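Dropping target-v3.txt in here (compact mmCIF, C-alpha atoms (C1' of nucleotides)):
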```txt
# COMPACT_ATOMS: atom_id res chain seq x y z
CA MET A 8 0.00 0.00 0.00
CA PRO A 9 2.07 2.91 -1.23
CA THR A 10 -0.54 5.35 0.11
CA SER A 11 0.89 5.15 3.61
CA SER A 12 3.42 7.92 4.03
CA ALA A 13 5.00 6.10 6.94
CA ARG A 14 6.08 2.92 5.26
CA TYR A 15 9.45 1.60 6.25
CA HIS A 16 11.01 1.44 2.86
CA HIS A 17 10.88 4.59 0.89
CA GLY A 18 10.69 3.28 -2.63
CA ASP A 19 13.06 5.55 -4.42
CA LEU A 20 14.97 7.45 -1.82
CA ARG A 21 17.96 8.04 -4.01
CA GLU A 22 15.93 9.95 -6.56
CA THR A 23 13.99 11.79 -3.89
CA LEU A 24 17.19 13.02 -2.28
CA LEU A 25 18.65 14.20 -5.57
CA GLY A 26 15.40 15.94 -6.43
CA ALA A 27 15.20 17.66 -3.07
CA ALA A 28 18.77 18.90 -3.37
CA GLU A 29 18.10 20.19 -6.84
CA ARG A 30 14.96 21.98 -5.75
CA MET A 31 16.72 23.61 -2.83
CA ILE A 32 19.65 25.01 -4.73
CA ASP A 33 17.51 26.02 -7.69
CA ALA A 34 15.34 28.05 -5.35
CA ASP A 35 18.32 29.99 -4.02
CA VAL A 36 21.73 30.24 -5.64
CA SER A 37 23.61 30.87 -2.43
CA ARG A 38 21.93 28.00 -0.62
CA THR A 39 23.65 24.85 0.41
CA PHE A 40 22.20 21.66 1.79
CA SER A 41 23.20 19.11 4.35
CA LEU A 42 22.55 15.42 4.04
CA ARG A 43 20.49 15.59 7.20
CA GLU A 44 18.35 18.28 5.71
CA LEU A 45 17.71 16.20 2.62
CA ALA A 46 16.83 13.26 4.85
CA ARG A 47 14.36 15.39 6.76
CA GLU A 48 12.82 16.59 3.52
CA ALA A 49 12.41 12.98 2.39
CA GLU A 50 11.09 12.03 5.85
CA VAL A 51 13.69 9.42 6.51
CA SER A 52 16.25 9.11 9.24
CA HIS A 53 19.45 11.12 9.06
CA ALA A 54 21.52 8.05 8.26
CA ALA A 55 19.33 6.77 5.42
CA PRO A 56 21.10 8.76 2.68
CA TYR A 57 24.26 6.81 3.40
CA LYS A 58 22.60 3.71 1.98
CA HIS A 59 22.63 5.44 -1.41
CA PHE A 60 25.67 7.69 -1.28
CA ALA A 61 29.00 6.95 0.32
CA ASP A 62 29.23 10.52 1.52
CA ARG A 63 27.99 14.02 0.81
CA HIS A 64 30.51 14.44 -1.95
CA GLN A 65 29.19 11.47 -3.88
CA LEU A 66 25.69 12.90 -3.84
CA ILE A 67 26.95 16.07 -5.42
CA VAL A 68 28.90 14.07 -7.96
CA ALA A 69 25.66 12.34 -8.95
CA LEU A 70 24.00 15.73 -9.38
CA ASP A 71 26.94 16.98 -11.41
CA GLU A 72 26.65 14.02 -13.72
CA ARG A 73 23.00 14.74 -14.31
CA TRP A 74 23.59 18.42 -14.87
CA MET A 75 26.53 17.92 -17.16
CA ARG A 76 24.35 15.65 -19.23
CA GLU A 77 21.65 18.29 -19.65
CA PHE A 78 24.28 20.98 -20.16
CA VAL A 79 25.82 19.11 -23.08
CA ALA A 80 22.41 18.15 -24.42
CA ALA A 81 21.30 21.78 -24.41
CA GLN A 82 24.29 22.71 -26.51
CA ALA A 83 23.83 19.81 -28.90
CA ALA A 84 20.20 20.79 -29.36
CA ALA A 85 21.20 24.33 -30.27
CA LEU A 86 23.05 23.16 -33.35
CA GLY A 87 21.69 21.98 -36.66
CA SER A 88 21.26 25.15 -38.65
CA SER A 89 22.80 24.97 -42.08
CA ASP A 90 24.99 27.98 -41.36
CA PRO A 91 28.28 27.12 -39.60
CA GLY A 92 28.59 30.66 -38.26
CA GLN A 93 25.08 30.48 -36.90
CA ASP A 94 25.86 27.15 -35.28
CA LEU A 95 28.95 28.50 -33.56
CA LEU A 96 26.97 31.41 -32.21
CA ALA A 97 24.18 29.10 -31.09
CA LEU A 98 26.66 26.87 -29.28
CA GLY A 99 28.08 29.75 -27.29
CA SER A 100 24.63 31.11 -26.68
CA ALA A 101 23.49 27.76 -25.31
CA TYR A 102 26.52 27.60 -23.04
CA VAL A 103 25.88 30.96 -21.48
CA GLY A 104 22.14 30.37 -21.64
CA TYR A 105 22.37 27.30 -19.48
CA ALA A 106 24.48 29.16 -16.96
CA ILE A 107 21.95 31.96 -16.71
CA ALA A 108 18.93 29.68 -16.68
CA HIS A 109 20.41 27.42 -14.01
CA PRO A 110 22.99 29.46 -12.14
CA SER A 111 23.17 27.13 -9.16
CA ARG A 112 23.70 24.07 -11.31
CA PHE A 113 26.33 25.73 -13.46
CA LEU A 114 28.24 27.01 -10.47
CA ILE A 115 28.26 23.65 -8.72
CA LEU A 116 29.17 21.97 -11.99
CA PHE A 117 32.30 24.12 -12.14
CA ASP A 118 32.92 24.33 -8.43
CA PRO A 119 36.62 23.75 -7.83
CA ALA A 120 35.76 22.09 -4.54
CA ILE A 121 34.01 19.31 -6.46
CA ASN A 122 35.67 18.97 -9.83
CA ARG A 123 39.39 19.30 -9.78
CA PRO A 124 42.43 17.63 -11.36
CA GLY A 125 43.45 16.04 -8.10
CA HIS A 126 39.87 14.90 -7.75
CA PRO A 127 39.39 12.69 -10.81
CA PRO A 128 35.92 12.69 -12.37
CA THR A 129 33.54 9.77 -12.72
CA PRO A 130 33.98 7.80 -15.96
CA ALA A 131 30.49 8.91 -16.97
CA PHE A 132 31.34 12.52 -16.25
CA ALA A 133 34.60 12.27 -18.17
CA GLU A 134 32.70 10.84 -21.11
CA LEU A 135 30.30 13.78 -21.08
CA VAL A 136 33.21 16.18 -21.01
CA ARG A 137 34.63 14.40 -24.04
CA GLU A 138 31.28 14.70 -25.82
CA HIS A 139 31.30 18.38 -25.07
CA ALA A 140 34.80 18.78 -26.43
CA THR A 141 33.79 16.97 -29.59
CA LEU A 142 30.78 19.21 -30.02
CA LEU A 143 32.98 22.28 -29.77
CA ARG A 144 35.72 20.90 -31.99
CA ASP A 145 33.34 19.90 -34.76
CA THR A 146 31.49 23.19 -34.71
CA VAL A 147 34.69 25.19 -34.82
CA ALA A 148 36.03 23.02 -37.62
CA ALA A 149 32.90 23.61 -39.67
CA ALA A 150 33.11 27.33 -39.03
CA ALA A 151 36.77 27.35 -40.00
CA ALA A 152 35.99 25.46 -43.18
CA ALA A 153 33.37 28.06 -43.99
CA GLY A 154 35.87 30.83 -43.32
CA VAL A 155 33.83 32.25 -40.45
CA VAL A 156 36.76 31.99 -38.06
CA SER A 157 40.46 31.89 -38.73
CA GLY A 158 43.59 30.71 -37.05
CA ARG A 159 44.72 27.36 -35.75
CA SER A 160 41.52 25.43 -35.15
CA GLU A 161 42.66 24.02 -31.82
CA THR A 162 43.54 27.43 -30.51
CA VAL A 163 40.32 28.97 -31.75
CA GLY A 164 38.32 26.30 -29.95
CA VAL A 165 40.12 26.84 -26.69
CA ALA A 166 39.86 30.60 -27.06
CA LEU A 167 36.14 30.47 -27.68
CA TRP A 168 35.53 28.07 -24.84
CA SER A 169 37.47 30.35 -22.52
CA GLN A 170 35.56 33.35 -23.71
CA VAL A 171 32.16 31.81 -23.28
CA HIS A 172 33.00 30.25 -19.95
CA GLY A 173 34.45 33.45 -18.60
CA LEU A 174 31.46 35.40 -19.80
CA ALA A 175 29.04 33.06 -18.07
CA THR A 176 31.07 33.09 -14.89
CA LEU A 177 31.48 36.84 -14.71
CA VAL A 178 27.79 37.38 -15.33
CA LEU A 179 26.85 34.95 -12.57
CA LEU A 180 29.31 36.61 -10.23
CA GLY A 181 27.69 39.94 -10.93
CA TYR A 182 30.73 41.51 -12.51
CA LEU A 183 29.06 41.83 -15.89
CA PRO A 184 25.45 42.62 -16.73
CA ALA A 185 23.56 39.98 -18.68
CA THR A 186 23.08 42.57 -21.40
CA ASP A 187 26.72 42.16 -22.36
CA VAL A 188 26.21 38.58 -23.38
CA LYS A 189 24.76 39.18 -26.80
CA ASP A 190 27.38 41.78 -27.70
CA VAL A 191 30.30 39.62 -26.70
CA LEU A 192 28.97 36.52 -28.42
CA THR A 193 28.36 38.24 -31.71
CA SER A 194 31.60 40.21 -31.55
CA VAL A 195 33.48 36.95 -31.83
CA LEU A 196 32.13 36.25 -35.28
CA HIS A 197 32.56 39.74 -36.56
CA ARG A 198 36.30 39.49 -36.49
CA GLY A 199 37.67 38.92 -39.90
CA PRO A 200 40.37 36.42 -40.74
CA SER A 201 43.96 37.46 -40.36
CA SER A 202 47.08 35.32 -39.84
CA MET B 19 58.10 41.05 27.53
CA PRO B 20 57.01 39.86 24.15
CA THR B 21 59.33 36.87 24.40
CA SER B 22 56.81 34.92 26.45
CA SER B 23 54.73 32.81 24.15
CA ALA B 24 52.02 32.45 26.76
CA ARG B 25 51.13 36.08 27.25
CA TYR B 26 47.46 36.84 27.59
CA HIS B 27 47.21 39.36 24.82
CA HIS B 28 48.50 38.17 21.55
CA GLY B 29 49.73 41.39 20.06
CA ASP B 30 48.46 41.11 16.53
CA LEU B 31 46.07 38.24 16.44
CA ARG B 32 44.16 39.59 13.48
CA GLU B 33 47.21 39.53 11.27
CA THR B 34 48.33 36.17 12.61
CA LEU B 35 44.97 34.60 11.76
CA LEU B 36 44.97 35.99 8.25
CA GLY B 37 48.53 34.84 7.72
CA ALA B 38 47.78 31.35 8.98
CA ALA B 39 44.76 31.06 6.70
CA GLU B 40 46.78 32.23 3.75
CA ARG B 41 49.57 29.79 4.48
CA MET B 42 47.17 26.89 4.80
CA ILE B 43 45.31 27.42 1.56
CA ASP B 44 48.48 28.29 -0.34
CA ALA B 45 49.95 25.00 0.73
CA ASP B 46 47.02 23.04 -0.69
CA VAL B 47 44.43 24.31 -3.16
CA SER B 48 41.68 22.00 -2.03
CA ARG B 49 42.21 22.79 1.62
CA THR B 50 39.82 24.74 3.73
CA PHE B 51 40.23 26.09 7.22
CA SER B 52 38.03 26.46 10.23
CA LEU B 53 38.20 29.36 12.62
CA ARG B 54 39.00 26.96 15.41
CA GLU B 55 41.92 25.62 13.43
CA LEU B 56 43.27 29.11 12.90
CA ALA B 57 42.85 29.80 16.59
CA ARG B 58 44.78 26.65 17.45
CA GLU B 59 47.52 27.65 15.03
CA ALA B 60 47.77 31.04 16.71
CA GLU B 61 47.62 29.39 20.12
CA VAL B 62 44.61 31.28 21.34
CA SER B 63 41.22 30.05 22.46
CA HIS B 64 38.64 29.06 19.89
CA ALA B 65 36.56 32.16 20.55
CA ALA B 66 39.38 34.65 20.25
CA PRO B 67 39.00 35.15 16.47
CA TYR B 68 35.55 36.57 17.08
CA LYS B 69 37.15 39.61 18.68
CA HIS B 70 38.55 40.49 15.25
CA PHE B 71 36.03 39.07 12.81
CA ALA B 72 32.27 38.99 13.17
CA ASP B 73 32.16 35.55 11.63
CA ARG B 74 34.07 33.22 9.37
CA HIS B 75 32.77 34.99 6.32
CA GLN B 76 34.24 38.31 7.38
CA LEU B 77 37.67 36.77 7.75
CA ILE B 78 37.51 35.54 4.18
CA VAL B 79 36.32 38.94 3.05
CA ALA B 80 39.41 40.46 4.65
CA LEU B 81 41.58 37.99 2.77
CA ASP B 82 39.76 38.73 -0.46
CA GLU B 83 40.42 42.41 -0.03
CA ARG B 84 44.10 41.76 0.40
CA TRP B 85 44.28 39.41 -2.55
CA MET B 86 42.29 41.64 -4.84
CA ARG B 87 44.75 44.40 -4.01
CA GLU B 88 47.74 42.32 -5.03
CA PHE B 89 45.86 40.96 -8.03
CA VAL B 90 45.21 44.45 -9.36
CA ALA B 91 48.71 45.59 -8.45
CA ALA B 92 50.23 42.70 -10.39
CA GLN B 93 48.33 43.75 -13.47
CA ALA B 94 49.22 47.41 -13.08
CA ALA B 95 52.86 46.47 -12.73
CA ALA B 96 52.75 44.54 -15.98
CA LEU B 97 51.96 47.64 -17.99
CA GLY B 98 54.23 50.46 -19.00
CA SER B 99 55.76 49.30 -22.25
CA SER B 100 55.52 51.84 -25.00
CA ASP B 101 53.65 49.39 -27.21
CA PRO B 102 49.85 49.32 -26.62
CA GLY B 103 49.58 45.84 -28.07
CA GLN B 104 52.34 44.63 -25.81
CA ASP B 105 50.58 46.21 -22.85
CA LEU B 106 47.31 44.50 -23.63
CA LEU B 107 49.05 41.17 -23.87
CA ALA B 108 50.93 41.84 -20.64
CA LEU B 109 47.69 42.68 -18.86
CA GLY B 110 46.06 39.41 -19.83
CA SER B 111 49.23 37.54 -19.07
CA ALA B 112 49.36 39.04 -15.60
CA TYR B 113 45.72 38.11 -15.01
CA VAL B 114 46.23 34.47 -15.86
CA GLY B 115 49.67 34.54 -14.30
CA TYR B 116 48.26 35.50 -10.92
CA ALA B 117 45.68 32.75 -11.13
CA ILE B 118 48.33 30.15 -11.87
CA ALA B 119 50.80 31.46 -9.32
CA HIS B 120 48.18 31.66 -6.59
CA PRO B 121 45.41 29.24 -7.51
CA SER B 122 43.88 29.10 -4.07
CA ARG B 123 43.72 32.87 -3.76
CA PHE B 124 42.28 33.32 -7.21
CA LEU B 125 39.62 30.69 -6.67
CA ILE B 126 38.53 32.12 -3.35
CA LEU B 127 38.62 35.60 -4.82
CA PHE B 128 36.08 34.51 -7.41
CA ASP B 129 34.22 32.04 -5.24
CA PRO B 130 30.49 32.58 -5.76
CA ALA B 131 29.90 31.59 -2.15
CA ILE B 132 31.81 34.70 -1.08
CA ASN B 133 31.43 37.36 -3.73
CA ARG B 134 28.02 37.55 -5.24
CA PRO B 135 25.51 40.21 -6.28
CA GLY B 136 23.21 39.40 -3.40
CA HIS B 137 26.24 39.64 -1.17
CA PRO B 138 27.45 43.21 -1.70
CA PRO B 139 31.22 43.78 -1.56
CA THR B 140 33.12 45.88 0.91
CA PRO B 141 33.59 49.51 -0.18
CA ALA B 142 37.32 48.86 -0.35
CA PHE B 143 36.77 45.77 -2.47
CA ALA B 144 34.42 47.62 -4.77
CA GLU B 145 37.01 50.35 -5.18
CA LEU B 146 39.63 47.80 -6.18
CA VAL B 147 37.25 46.32 -8.71
CA ARG B 148 36.77 49.80 -10.14
CA GLU B 149 40.53 50.26 -10.34
CA HIS B 150 40.75 47.00 -12.19
CA ALA B 151 38.04 48.04 -14.62
CA THR B 152 39.86 51.29 -15.25
CA LEU B 153 43.09 49.49 -15.92
CA LEU B 154 41.39 47.31 -18.49
CA ARG B 155 39.46 50.13 -20.09
CA ASP B 156 42.50 52.36 -20.49
CA THR B 157 44.65 49.61 -21.91
CA VAL B 158 41.97 48.58 -24.38
CA ALA B 159 41.44 52.20 -25.40
CA ALA B 160 45.13 52.65 -26.06
CA ALA B 161 45.22 49.47 -28.08
CA ALA B 162 42.19 50.55 -30.04
CA ALA B 163 43.76 53.94 -30.73
CA ALA B 164 46.82 52.14 -32.03
CA GLY B 165 44.64 49.95 -34.21
CA VAL B 166 45.71 46.76 -32.46
CA VAL B 167 42.14 45.82 -31.70
CA SER B 168 38.93 46.82 -33.38
CA GLY B 169 35.28 47.05 -32.56
CA ARG B 170 33.34 48.89 -29.92
CA SER B 171 35.82 49.53 -27.16
CA GLU B 172 33.40 48.60 -24.40
CA THR B 173 32.58 45.29 -26.00
CA VAL B 174 36.21 44.50 -26.70
CA GLY B 175 37.05 45.10 -23.07
CA VAL B 176 34.32 42.84 -21.82
CA ALA B 177 35.18 40.18 -24.38
CA LEU B 178 38.85 40.20 -23.41
CA TRP B 179 38.07 40.12 -19.72
CA SER B 180 35.78 37.14 -20.28
CA GLN B 181 38.38 35.37 -22.34
CA VAL B 182 41.15 35.82 -19.88
CA HIS B 183 39.00 34.98 -16.89
CA GLY B 184 37.62 31.88 -18.55
CA LEU B 185 41.06 30.79 -19.55
CA ALA B 186 42.39 31.13 -16.02
CA THR B 187 39.38 29.34 -14.58
CA LEU B 188 39.45 26.43 -17.00
CA VAL B 189 43.15 25.92 -16.48
CA LEU B 190 42.73 25.87 -12.71
CA LEU B 191 39.85 23.44 -13.03
CA GLY B 192 42.05 21.16 -15.07
CA TYR B 193 40.00 21.39 -18.25
CA LEU B 194 42.77 23.10 -20.15
CA PRO B 195 46.52 22.55 -19.93
CA ALA B 196 48.60 25.54 -18.91
CA THR B 197 50.37 25.26 -22.24
CA ASP B 198 47.29 26.67 -23.94
CA VAL B 199 47.63 29.97 -22.16
CA LYS B 200 50.25 31.53 -24.37
CA ASP B 201 48.51 30.50 -27.58
CA VAL B 202 45.16 31.87 -26.54
CA LEU B 203 46.57 35.12 -25.25
CA THR B 204 48.53 35.88 -28.39
CA SER B 205 45.73 34.72 -30.69
CA VAL B 206 43.66 37.61 -29.44
CA LEU B 207 46.01 40.18 -30.85
CA HIS B 208 46.58 38.46 -34.13
CA ARG B 209 43.05 39.07 -35.24
CA GLY B 210 42.93 41.89 -37.68
CA PRO B 211 40.39 44.71 -37.60
CA SER B 212 37.07 44.16 -39.31
CA SER B 213 33.70 45.78 -38.65
C1' DC C 25 3.16 -20.88 0.44
C1' DC C 26 7.08 -20.38 3.41
C1' DT C 27 11.62 -19.08 4.56
C1' DC C 28 15.65 -16.58 4.81
C1' DT C 29 18.87 -13.25 3.11
C1' DG C 30 20.43 -8.87 1.69
C1' DA C 31 19.13 -4.28 0.64
C1' DT C 32 17.16 -0.47 2.88
C1' DG C 33 15.88 2.02 6.93
C1' DT C 34 16.32 3.44 12.18
C1' DA C 35 18.53 4.88 16.60
C1' DG C 36 22.19 6.58 18.80
C1' DG C 37 26.78 8.22 19.35
C1' DC C 38 31.41 10.62 18.23
C1' DG C 39 34.19 14.42 17.08
C1' DA C 40 34.18 18.76 14.84
C1' DT C 41 32.43 23.31 13.65
C1' DG C 42 30.26 28.17 13.94
C1' DT C 43 28.56 31.16 17.07
C1' DC C 44 26.77 32.92 21.56
C1' DT C 45 27.26 34.37 26.55
C1' DA C 46 29.54 35.27 30.79
C1' DC C 47 33.76 35.96 32.85
C1' DT C 48 38.90 37.62 33.13
C1' DT C 49 42.94 40.15 32.09
C1' DG C 50 45.84 43.90 31.46
C1' DC C 51 47.22 48.15 28.28
C1' DG C 52 47.03 52.80 28.14
C1' DA C 53 44.49 57.18 28.85
C1' DC C 54 43.53 60.16 32.44
C1' DG D 22 47.60 54.97 40.46
C1' DT D 23 43.21 53.60 38.91
C1' DC D 24 40.02 52.26 35.91
C1' DG D 25 37.51 51.42 31.45
C1' DC D 26 37.48 49.01 27.35
C1' DA D 27 39.67 46.08 24.06
C1' DA D 28 41.15 41.51 23.74
C1' DG D 29 41.49 37.21 25.67
C1' DT D 30 39.26 32.57 28.11
C1' DA D 31 35.92 28.85 29.25
C1' DG D 32 31.94 26.66 28.35
C1' DA D 33 27.60 25.69 26.09
C1' DC D 34 24.33 24.81 22.15
C1' DA D 35 22.70 23.37 17.72
C1' DT D 36 24.20 21.30 13.62
C1' DC D 37 26.81 18.47 10.67
C1' DG D 38 29.27 14.35 8.52
C1' DC D 39 29.97 9.88 9.35
C1' DC D 40 30.11 5.37 11.95
C1' DT D 41 28.11 1.15 14.27
C1' DA D 42 24.59 -1.89 15.80
C1' DC D 43 20.11 -3.17 15.09
C1' DA D 44 15.29 -3.56 12.66
C1' DT D 45 12.40 -4.40 8.73
C1' DC D 46 10.69 -6.14 4.61
C1' DA D 47 10.67 -7.49 -0.47
C1' DG D 48 11.61 -10.99 -3.28
C1' DA D 49 14.31 -15.20 -4.87
C1' DG D 50 14.38 -20.19 -4.29
C1' DG D 51 12.71 -24.08 -2.44
```

Rendering of file as structure tokens:
Amino acid sequence: MPTSSARYHHGDLRETLLGAAERMIDADVSRTFSLRELAREAEVSHAAPYKHFADRHQLIVALDERWMREFVAAQAAALGSSDPGQDLLALGSAYVGYAIAHPSRFLILFDPAINRPGHPPTPAFAELVREHATLLRDTVAAAAAAGVVSGRSETVGVALWSQVHGLATLVLLGYLPATDVKDVLTSVLHRGPSS
Amino acid sequence: MPTSSARYHHGDLRETLLGAAERMIDADVSRTFSLRELAREAEVSHAAPYKHFADRHQLIVALDERWMREFVAAQAAALGSSDPGQDLLALGSAYVGYAIAHPSRFLILFDPAINRPGHPPTPAFAELVREHATLLRDTVAAAAAAGVVSGRSETVGVALWSQVHGLATLVLLGYLPATDVKDVLTSVLHRGPSS
DNA sequence: CCTCTGATGTAGGCGATGTCTACTTGCGAC
DNA sequence: GTCGCAAGTAGACATCGCCTACATCAGAGG
């Protein structure tokens, strides 16, 4: 009888905990959560979460995996126009767009306390990062082939990634107004070829 | 007799605490510190820090102020060549250089948990940010006047700031190798004028 | 249909932390 | 010389992450 709210076994505690955490941080960017708080929210004992996550860090890693997946998917979905220049712009726009639409998720996704060289990523997470790199590389290559951007393709990719990431970060930190986003993104493409 | 290490009044506890915190995080990027730990390090009681800082957050704010000062100073010191293009490159190089030389400081300086729109900065910190903006604006203006960069000066400034900040961040996060830094920085200047 | 085992939950405890309050000490102005 | 106020101490409280020992129950195998 799943109607009883006081049944011993929860059913899908793992998902409930992840959902609660997501709801909390989405509601307030500067919020954090404790495992005990999530347990309370799910109406289980404070030790129950440990049956699904080795520690607090692992719960966040699970969230990161989920968010990285939707982050990459959002960028992939932005592509597909027949114009390589348009695609490149759309890719950057999707990157910054995700950051602005989900500031908490983006910030945790790139939180140095979670993801860090010394702190090797999950295989699944690493795979998503590779997908993302491929997405960027292919789009840049197409743009280069179309003459929309110039320079060593590798370098252009890294430069654009840096630009877009920095833009998103600085906007979220409040150093730049969101109104700068469009200008900066388009300015990239309006630079003619040179060396 | 300041020789006694067990004297009741410490002398300069505030500075000692800040120094200890700085030493700790410099020694290990993924390290954090507790106020009690700092107190232990300074050999005072666990409540002593509260005579100098309202809470843990305020101590970090004090550190941020100090680091932002040296961050801006490092960039100012990098300027002064007679070549505007060289100056622009030096500015970006100093930005990323600080991040790589002092990863912990840079990351805390731009930690969303500390500096955030909702969380208004100290007047002193805000002033330093203004100084930094001025530095960037002037250097970009000079470069524009010399024809080294093109486009709306405001936009170019924001775009370069984003690029350099993103580059520093992605390198510290381990997404980009430090070897990319030089390439990206110089690639910026090798783009000819266009619109 | 019954049993029994392992996954999932509970209760309680440990050490640590941030922060508060009440008390003490002693430097330096008068 | 004394005396107030800044700067220190001791102790307490709520909370947290994490651990251990125990309870429950769903479902596989007989």

Could you give me, as a tab-separated table, every chain D residue with an atom at most 7 Å from chain B, plus its closest atom pair and distance in Å to one decimal, counting all atoms listed in the file, rows ordered by chain then number?
```
residue	atom	partner	partner_atom	distance
D:DA28	C1'	B:His27	CA	6.5
D:DG29	C1'	B:His27	CA	6.2
D:DT30	C1'	B:Ser63	CA	6.5
```

Length of the atom CA of Val167 of chain B to atom CA of Val191 of chain A vector [Å] |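 If I compute the distance from atom CA of Val167 of chain B to atom CA of Val191 of chain A, I get 14.3 Å.
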
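Residue-level contacts from chain B to chain C at 10 Å, counting only C-alpha atoms (C1' of nucleotides), read Tyr26, His27, Ser52, Leu53, Arg54, Glu55, Ala65, Tyr68, Ala72, Asp73 and Arg74 of chain B.
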
Could you produce a table of the residues of chain B lying within 10 Å of chain A, with the nearest pair of atoms per residue and their separation in Å rounded to one decimal, using only C-alpha atoms, ordered by chain and increasing residue number, as a Markdown table?
```
| residue | atom | partner | partner_atom | distance |
| --- | --- | --- | --- | --- |
| B:Val47 | CA | A:Ala120 | CA | 9.1 |
| B:Ser48 | CA | A:Ala120 | CA | 6.4 |
| B:Arg49 | CA | A:Ala120 | CA | 8.9 |
| B:Thr50 | CA | A:Ala120 | CA | 9.6 |
| B:Ser122 | CA | A:Pro119 | CA | 9.8 |
| B:Leu125 | CA | A:Pro119 | CA | 7.6 |
| B:Ile126 | CA | A:Pro119 | CA | 9.7 |
| B:Phe128 | CA | A:Leu180 | CA | 7.6 |
| B:Asp129 | CA | A:Leu180 | CA | 8.4 |
| B:Pro130 | CA | A:Leu180 | CA | 6.1 |
| B:Ala131 | CA | A:Ser37 | CA | 6.3 |
| B:Ile132 | CA | A:Ser37 | CA | 9.2 |
| B:Asn133 | CA | A:Leu180 | CA | 6.9 |
| B:Arg134 | CA | A:Leu180 | CA | 5.2 |
| B:Pro135 | CA | A:Gly181 | CA | 5.1 |
| B:Gly136 | CA | A:Ser37 | CA | 8.6 |
| B:His137 | CA | A:Ser37 | CA | 9.2 |
| B:Pro138 | CA | A:Gly181 | CA | 9.8 |
| B:Val147 | CA | A:Tyr182 | CA | 8.9 |
| B:Val167 | CA | A:Arg198 | CA | 9.9 |
| B:Ser168 | CA | A:Arg198 | CA | 8.4 |
| B:Gly169 | CA | A:Ser194 | CA | 7.8 |
| B:Arg170 | CA | A:Ser194 | CA | 9.0 |
| B:Glu172 | CA | A:Asp187 | CA | 9.5 |
| B:Thr173 | CA | A:Val191 | CA | 6.2 |
| B:Val174 | CA | A:Val191 | CA | 7.7 |
| B:Gly175 | CA | A:Val191 | CA | 9.4 |
| B:Val176 | CA | A:Val191 | CA | 7.1 |
| B:Ala177 | CA | A:Val191 | CA | 5.4 |
| B:Leu178 | CA | A:Gln170 | CA | 7.6 |
| B:Trp179 | CA | A:Gly173 | CA | 7.7 |
| B:Ser180 | CA | A:Gly173 | CA | 4.3 |
| B:Gln181 | CA | A:Gln170 | CA | 3.7 |
| B:Val182 | CA | A:Ser169 | CA | 7.1 |
| B:His183 | CA | A:Gly173 | CA | 5.1 |
| B:Gly184 | CA | A:Gly173 | CA | 3.5 |
| B:Leu185 | CA | A:Ser169 | CA | 4.7 |
| B:Ala186 | CA | A:Ser169 | CA | 8.2 |
| B:Thr187 | CA | A:Gly173 | CA | 7.6 |
| B:Leu188 | CA | A:Ser169 | CA | 7.1 |
| B:Val189 | CA | A:Ser169 | CA | 9.4 |
| B:Leu190 | CA | A:Arg123 | CA | 7.9 |
| B:Leu191 | CA | A:Arg123 | CA | 5.3 |
| B:Gly192 | CA | A:Pro124 | CA | 5.1 |
| B:Tyr193 | CA | A:Pro124 | CA | 8.2 |
| B:Leu194 | CA | A:Val165 | CA | 8.0 |
| B:Asp198 | CA | A:Thr162 | CA | 7.6 |
| B:Val199 | CA | A:Ala166 | CA | 9.2 |
| B:Lys200 | CA | A:Thr162 | CA | 10.0 |
| B:Asp201 | CA | A:Thr162 | CA | 6.5 |
| B:Val202 | CA | A:Ala166 | CA | 5.5 |
| B:Leu203 | CA | A:Ala166 | CA | 8.3 |
| B:Ser205 | CA | A:Thr162 | CA | 7.6 |
| B:Val206 | CA | A:Ala166 | CA | 8.3 |
| B:His208 | CA | A:Ser202 | CA | 6.5 |
| B:Arg209 | CA | A:Ser201 | CA | 5.4 |
| B:Gly210 | CA | A:Ser201 | CA | 5.3 |
| B:Pro211 | CA | A:Arg198 | CA | 6.7 |
| B:Ser212 | CA | A:Gly199 | CA | 5.3 |
| B:Ser213 | CA | A:His197 | CA | 6.5 |
```

So what do you get for atom CA of Ala69 of chain A versus atom C1' of DT36 of chain D, distance-wise?
->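 Computing it gives 24.3 Å between the two atoms.
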
Pairwise distance for atom CA of Ser160 of chain A and atom CA of Ala196 of chain B, rounded to one decimal in Å | 17.7 Å
